Amino acid sequence: MENPSFVLRTVKDVVIEDRPKPELKDPYDVIVHVAQTGICGSDVHYWQRGRIGDYKLTGPMVLGHESSGVIVETGSKVTNLKPGDRVAMEPGVPCCRCDYCRKGAYHLCGHMVFAATPPWDGTLAKYYVNAADFCYKVPDSMNMEEAAMVEPVSVACAIAKTADLRAHQTVLVLGCGPIGVLSQAVAKAYGAKAVVAVDVVQSRLEVAKSYGVDHTFTPSRAETGADPMEHAEKVAQQMKEQLGMGDGFDVVLECSGAEPCVQLGIFAAKPGATFVQAGMGKENIQFPITAVCIRGLVIRGSIRYLPGCYPAAIDLISSGQIDVKRLVTNRFKFEQAEEAFELVKAGRQDVFKVMIAGVQ
């Protein structure tokens, strides 16, 4: 096979098919032999539902976007990379010409070509073409699995940057999936005074503890028929008292997307705090908007990565400040890609990050 690719044909229908090896059309592009790819919730979402928000599956699409690899070919104008270089790939390439790109907010570019976001093909193939300036060389001390983990760490760096996270702040992180745990780790690396991890799954809180959070908290579930806002406010009060947080947290990072966590996070924030929504769950939820006004909260949404997040993530991993190896719980060969996706879909508590090796 020339270029085996893991293709989502239609909803719930995936197949490994051979596609032609891509050719370089732009002198600033490179061809990467993909080495490792992590599975993200969004990949599973497209496979199961065929859409996320405005992005709808319209035809066959290669999945995957959390990848590392080795440069095999470079365009005529590429000067920063050569064949044999090991790289982490930033999977979204903006136009660099629109107003958003020009003011440095390239993550908001409406012409972004993003791997495995319809209609663009993803990285779960033997070869992938990417812009050279969106491929980052990784140091020799990093293996290709760690290089693939640069993507989720970059997401966590972007969440911290969106929150304008500073040293000596108190930080509440709701949700202890991979992004939640990495956001906790980034907050610690950036000098947060106290980081508190919230989840309803004990084994996930144990993982959070292993990354050095200061406290963990398990919120009680609301009783049937109870008012969700009253419950959220009561739990927030309990948490603040139990952990000695006074008026609440300086920064709240919502990484679960779960409606009760969003509500809890608003009531746990201190007046004037910053609340960042990064988790994606239900599209529409019941939200305590009056509490936001009364407390003067700053609410921000975080998506993907901001400028500088990929280099920051590589530094955090390569310097040993964030150990990503422990998050990888399951490894599959390329031929077992569907099996790997099934495992992520099952949502088992002991499964954190699933890696698919590249085609040899």
# chains A, B, ... in the order shown; residues from 1 in each chain; ligands from 1
>>> closest_atom_pairs(of="region 141-247 of chain A", to="region 131-135 of chain A", cutoff="12 Å", atoms="only C-alpha atoms", output="tab-separated table")
residue	atom	partner	partner_atom	distance
A:Ala147	CA	A:Cys135	CA	10.9
A:Ala148	CA	A:Cys135	CA	11.6
A:Val150	CA	A:Cys135	CA	11.4
A:Glu151	CA	A:Cys135	CA	11.5
>>> residues_around(residues="region 179-195 of chain A", least_positions_apart="5", cutoff="7 Å", atoms="only C-alpha atoms", output="list in words")
Pro152, Val153, Ala156, Cys157, Ala160, Arg166, Ala167, His168, Gln169, Thr170, Val171, Leu172, Val173, Leu174, Ala208, Tyr211, Val213, Asp214, His215, Cys255, Gln321 and Ile322 of chain A
>>> atom_distance(atom1="CA of Lys325 (chain A)", atom2="CA of Asp164 (chain A)")
27.1 Å
>>> residues_around(residues="Gln242 (chain A)", least_positions_apart="6", cutoff="12 Å", atoms="only C-alpha atoms", output="MDAnalysis selection string")
chainID A and resid 196 215:219 235:236 248
>>> atom_distance(atom1="CA of Asp43 (chain A)", atom2="CA of Pro94 (chain A)")
20.2 Å
>>> closest_residue(among="A:Tyr28, A:Pro118, A:Val78, A:Tyr305", to="Arg9 (chain A)", atoms="only C-alpha atoms")
A:Pro118
>>> select_by_dssp(residues="region 85-314 of chain A", states="helix (DSSP H, G or I)", output="ChimeraX atom specification")
/A:99-102,106-108,132-134,144-148,150-162,178-189,202-210,228-243,259-268,289-295,309-314
>>> residues_around(residues="Leu306 (chain A)", least_positions_apart="5", cutoff="10 Å", atoms="only C-alpha atoms", output="ChimeraX atom specification")
/A:104-108,154-155,157-159,161-162
>>> select_by_dssp(residues="region 58-170 of chain A", states="strand (DSSP E)", output="ChimeraX atom specification")
/A:61-62,66-74,86-89,92-93,113-114,127-131,135-137,170
>>> write_last_selection(atoms="N, CA, C and O atoms", output="mmCIF file, in the first residue's frame")
data_model
loop_
_atom_site.group_PDB
_atom_site.id
_atom_site.type_symbol
_atom_site.label_atom_id
_atom_site.label_comp_id
_atom_site.auth_asym_id
_atom_site.auth_seq_id
_atom_site.Cartn_x
_atom_site.Cartn_y
_atom_site.Cartn_z
ATOM 1 N N MET A 61 -13.568 11.302 5.031
ATOM 2 C CA MET A 61 -12.543 12.142 5.659
ATOM 3 C C MET A 61 -11.593 11.264 6.484
ATOM 4 O O MET A 61 -12.032 10.397 7.222
ATOM 5 N N VAL A 62 -10.294 11.502 6.337
ATOM 6 C CA VAL A 62 -9.304 10.819 7.172
ATOM 7 C C VAL A 62 -9.389 11.418 8.581
ATOM 8 O O VAL A 62 -9.472 12.636 8.740
ATOM 9 N N GLU A 66 -3.812 14.630 16.355
ATOM 10 C CA GLU A 66 -2.781 14.786 17.400
ATOM 11 C C GLU A 66 -1.568 13.964 17.007
ATOM 12 O O GLU A 66 -1.410 12.848 17.486
ATOM 13 N N SER A 67 -0.720 14.494 16.146
ATOM 14 C CA SER A 67 0.329 13.637 15.582
ATOM 15 C C SER A 67 1.739 14.206 15.639
ATOM 16 O O SER A 67 1.955 15.415 15.631
ATOM 17 N N SER A 68 2.682 13.250 15.634
ATOM 18 C CA SER A 68 4.099 13.565 15.469
ATOM 19 C C SER A 68 4.589 12.757 14.272
ATOM 20 O O SER A 68 3.908 11.834 13.824
ATOM 21 N N GLY A 69 5.754 13.118 13.757
ATOM 22 C CA GLY A 69 6.268 12.361 12.629
ATOM 23 C C GLY A 69 7.660 12.813 12.228
ATOM 24 O O GLY A 69 8.303 13.619 12.911
ATOM 25 N N VAL A 70 8.114 12.272 11.105
ATOM 26 C CA VAL A 70 9.458 12.567 10.593
ATOM 27 C C VAL A 70 9.314 13.185 9.201
ATOM 28 O O VAL A 70 8.571 12.667 8.366
ATOM 29 N N ILE A 71 10.022 14.276 8.974
ATOM 30 C CA ILE A 71 9.976 14.947 7.671
ATOM 31 C C ILE A 71 10.594 14.033 6.605
ATOM 32 O O ILE A 71 11.710 13.525 6.792
ATOM 33 N N VAL A 72 9.860 13.827 5.493
ATOM 34 C CA VAL A 72 10.430 13.031 4.393
ATOM 35 C C VAL A 72 10.722 13.878 3.153
ATOM 36 O O VAL A 72 11.551 13.504 2.330
ATOM 37 N N GLU A 73 10.022 14.994 3.031
ATOM 38 C CA GLU A 73 10.231 15.842 1.847
ATOM 39 C C GLU A 73 9.882 17.280 2.208
ATOM 40 O O GLU A 73 8.942 17.519 2.966
ATOM 41 N N THR A 74 10.642 18.230 1.663
ATOM 42 C CA THR A 74 10.358 19.639 1.962
ATOM 43 C C THR A 74 10.146 20.418 0.665
ATOM 44 O O THR A 74 10.755 20.108 -0.363
ATOM 45 N N ARG A 86 12.578 15.285 13.298
ATOM 46 C CA ARG A 86 11.416 14.782 14.058
ATOM 47 C C ARG A 86 10.599 15.978 14.516
ATOM 48 O O ARG A 86 11.149 16.926 15.092
ATOM 49 N N VAL A 87 9.282 15.926 14.260
ATOM 50 C CA VAL A 87 8.453 17.102 14.533
ATOM 51 C C VAL A 87 7.137 16.759 15.233
ATOM 52 O O VAL A 87 6.623 15.645 15.111
ATOM 53 N N ALA A 88 6.632 17.766 15.964
ATOM 54 C CA ALA A 88 5.242 17.746 16.442
ATOM 55 C C ALA A 88 4.485 18.637 15.463
ATOM 56 O O ALA A 88 4.981 19.700 15.082
ATOM 57 N N MET A 89 3.304 18.169 15.044
ATOM 58 C CA MET A 89 2.553 18.932 14.041
ATOM 59 C C MET A 89 1.396 19.692 14.666
ATOM 60 O O MET A 89 0.547 19.097 15.327
ATOM 61 N N GLY A 92 -3.713 22.831 12.655
ATOM 62 C CA GLY A 92 -4.572 23.860 12.065
ATOM 63 C C GLY A 92 -3.730 24.942 11.426
ATOM 64 O O GLY A 92 -2.958 25.619 12.104
ATOM 65 N N VAL A 93 -3.848 25.100 10.110
ATOM 66 C CA VAL A 93 -3.055 26.111 9.413
ATOM 67 C C VAL A 93 -3.982 27.243 8.961
ATOM 68 O O VAL A 93 -4.876 27.027 8.147
ATOM 69 N N VAL A 113 -7.416 25.649 7.761
ATOM 70 C CA VAL A 113 -7.427 24.256 7.303
ATOM 71 C C VAL A 113 -7.015 23.421 8.507
ATOM 72 O O VAL A 113 -5.859 23.462 8.938
ATOM 73 N N PHE A 114 -7.983 22.699 9.083
ATOM 74 C CA PHE A 114 -7.706 21.958 10.322
ATOM 75 C C PHE A 114 -7.883 20.463 10.081
ATOM 76 O O PHE A 114 -8.920 20.020 9.594
ATOM 77 N N TYR A 127 1.314 9.223 5.289
ATOM 78 C CA TYR A 127 1.906 10.524 4.976
ATOM 79 C C TYR A 127 0.888 11.646 5.152
ATOM 80 O O TYR A 127 -0.293 11.472 4.845
ATOM 81 N N TYR A 128 1.384 12.781 5.617
ATOM 82 C CA TYR A 128 0.517 13.945 5.782
ATOM 83 C C TYR A 128 1.293 15.188 5.346
ATOM 84 O O TYR A 128 2.480 15.332 5.664
ATOM 85 N N VAL A 129 0.609 16.088 4.615
ATOM 86 C CA VAL A 129 1.239 17.351 4.206
ATOM 87 C C VAL A 129 0.846 18.442 5.203
ATOM 88 O O VAL A 129 -0.331 18.606 5.519
ATOM 89 N N ASN A 130 1.844 19.167 5.701
ATOM 90 C CA ASN A 130 1.561 20.277 6.617
ATOM 91 C C ASN A 130 2.436 21.470 6.241
ATOM 92 O O ASN A 130 3.456 21.310 5.569
ATOM 93 N N ALA A 131 2.029 22.657 6.671
ATOM 94 C CA ALA A 131 2.859 23.851 6.462
ATOM 95 C C ALA A 131 4.120 23.707 7.312
ATOM 96 O O ALA A 131 4.050 23.301 8.475
ATOM 97 N N CYS A 135 5.125 22.902 11.749
ATOM 98 C CA CYS A 135 5.809 21.690 12.224
ATOM 99 C C CYS A 135 6.946 22.142 13.125
ATOM 100 O O CYS A 135 7.773 22.964 12.724
ATOM 101 N N TYR A 136 6.987 21.632 14.341
ATOM 102 C CA TYR A 136 7.955 22.092 15.341
ATOM 103 C C TYR A 136 8.948 20.971 15.644
ATOM 104 O O TYR A 136 8.532 19.882 16.056
ATOM 105 N N LYS A 137 10.225 21.252 15.457
ATOM 106 C CA LYS A 137 11.248 20.249 15.771
ATOM 107 C C LYS A 137 11.214 19.941 17.264
ATOM 108 O O LYS A 137 11.064 20.844 18.081
ATOM 109 N N THR A 170 -5.271 31.193 42.831
ATOM 110 C CA THR A 170 -5.924 29.921 43.151
ATOM 111 C C THR A 170 -6.731 29.512 41.921
ATOM 112 O O THR A 170 -7.425 30.328 41.314
#
>>> closest_residue(among="A:Pro20, A:Leu81, A:Val138, A:Val351", to="Ala312 (chain A)", atoms="only C-alpha atoms")
A:Val138
>>> atom_distance(atom1="CA of Val11 (chain A)", atom2="CA of Gly50 (chain A)")
5.3 Å
>>> closest_atom_pairs(of="region 7-108 of chain A", to="region 273-283 of chain A", cutoff="10 Å", atoms="only C-alpha atoms", output="CSV")
residue,atom,partner,partner_atom,distance
A:Gly41,CA,A:Met280,CA,9.6
A:Ser42,CA,A:Met280,CA,9.4
A:Ile52,CA,A:Glu283,CA,9.4
A:Gly53,CA,A:Glu283,CA,7.8
>>> write_last_selection(atoms="N, CA and C atoms", output="PDB file, in the first residue's frame")
ATOM      1  N   GLY A  41     -11.385  13.324  21.744  1.00  0.00           N
ATOM      2  CA  GLY A  41     -12.839  13.196  21.780  1.00  0.00           C
ATOM      3  C   GLY A  41     -13.521  13.680  20.516  1.00  0.00           C
ATOM      4  N   SER A  42     -12.945  14.713  19.867  1.00  0.00           N
ATOM      5  CA  SER A  42     -13.594  15.252  18.669  1.00  0.00           C
ATOM      6  C   SER A  42     -13.563  14.239  17.524  1.00  0.00           C
ATOM      7  N   ILE A  52     -19.783  18.481  14.674  1.00  0.00           N
ATOM      8  CA  ILE A  52     -19.527  19.216  15.915  1.00  0.00           C
ATOM      9  C   ILE A  52     -19.890  20.663  15.613  1.00  0.00           C
ATOM     10  N   GLY A  53     -20.917  21.155  16.275  1.00  0.00           N
ATOM     11  CA  GLY A  53     -21.341  22.539  16.026  1.00  0.00           C
ATOM     12  C   GLY A  53     -21.660  22.743  14.559  1.00  0.00           C
TER      13      GLY A  53
END
>>> closest_residue(among="A:Gln36, A:Asp29, A:Glu146, A:Leu57", to="Thr79 (chain A)", atoms="only C-alpha atoms")
A:Asp29
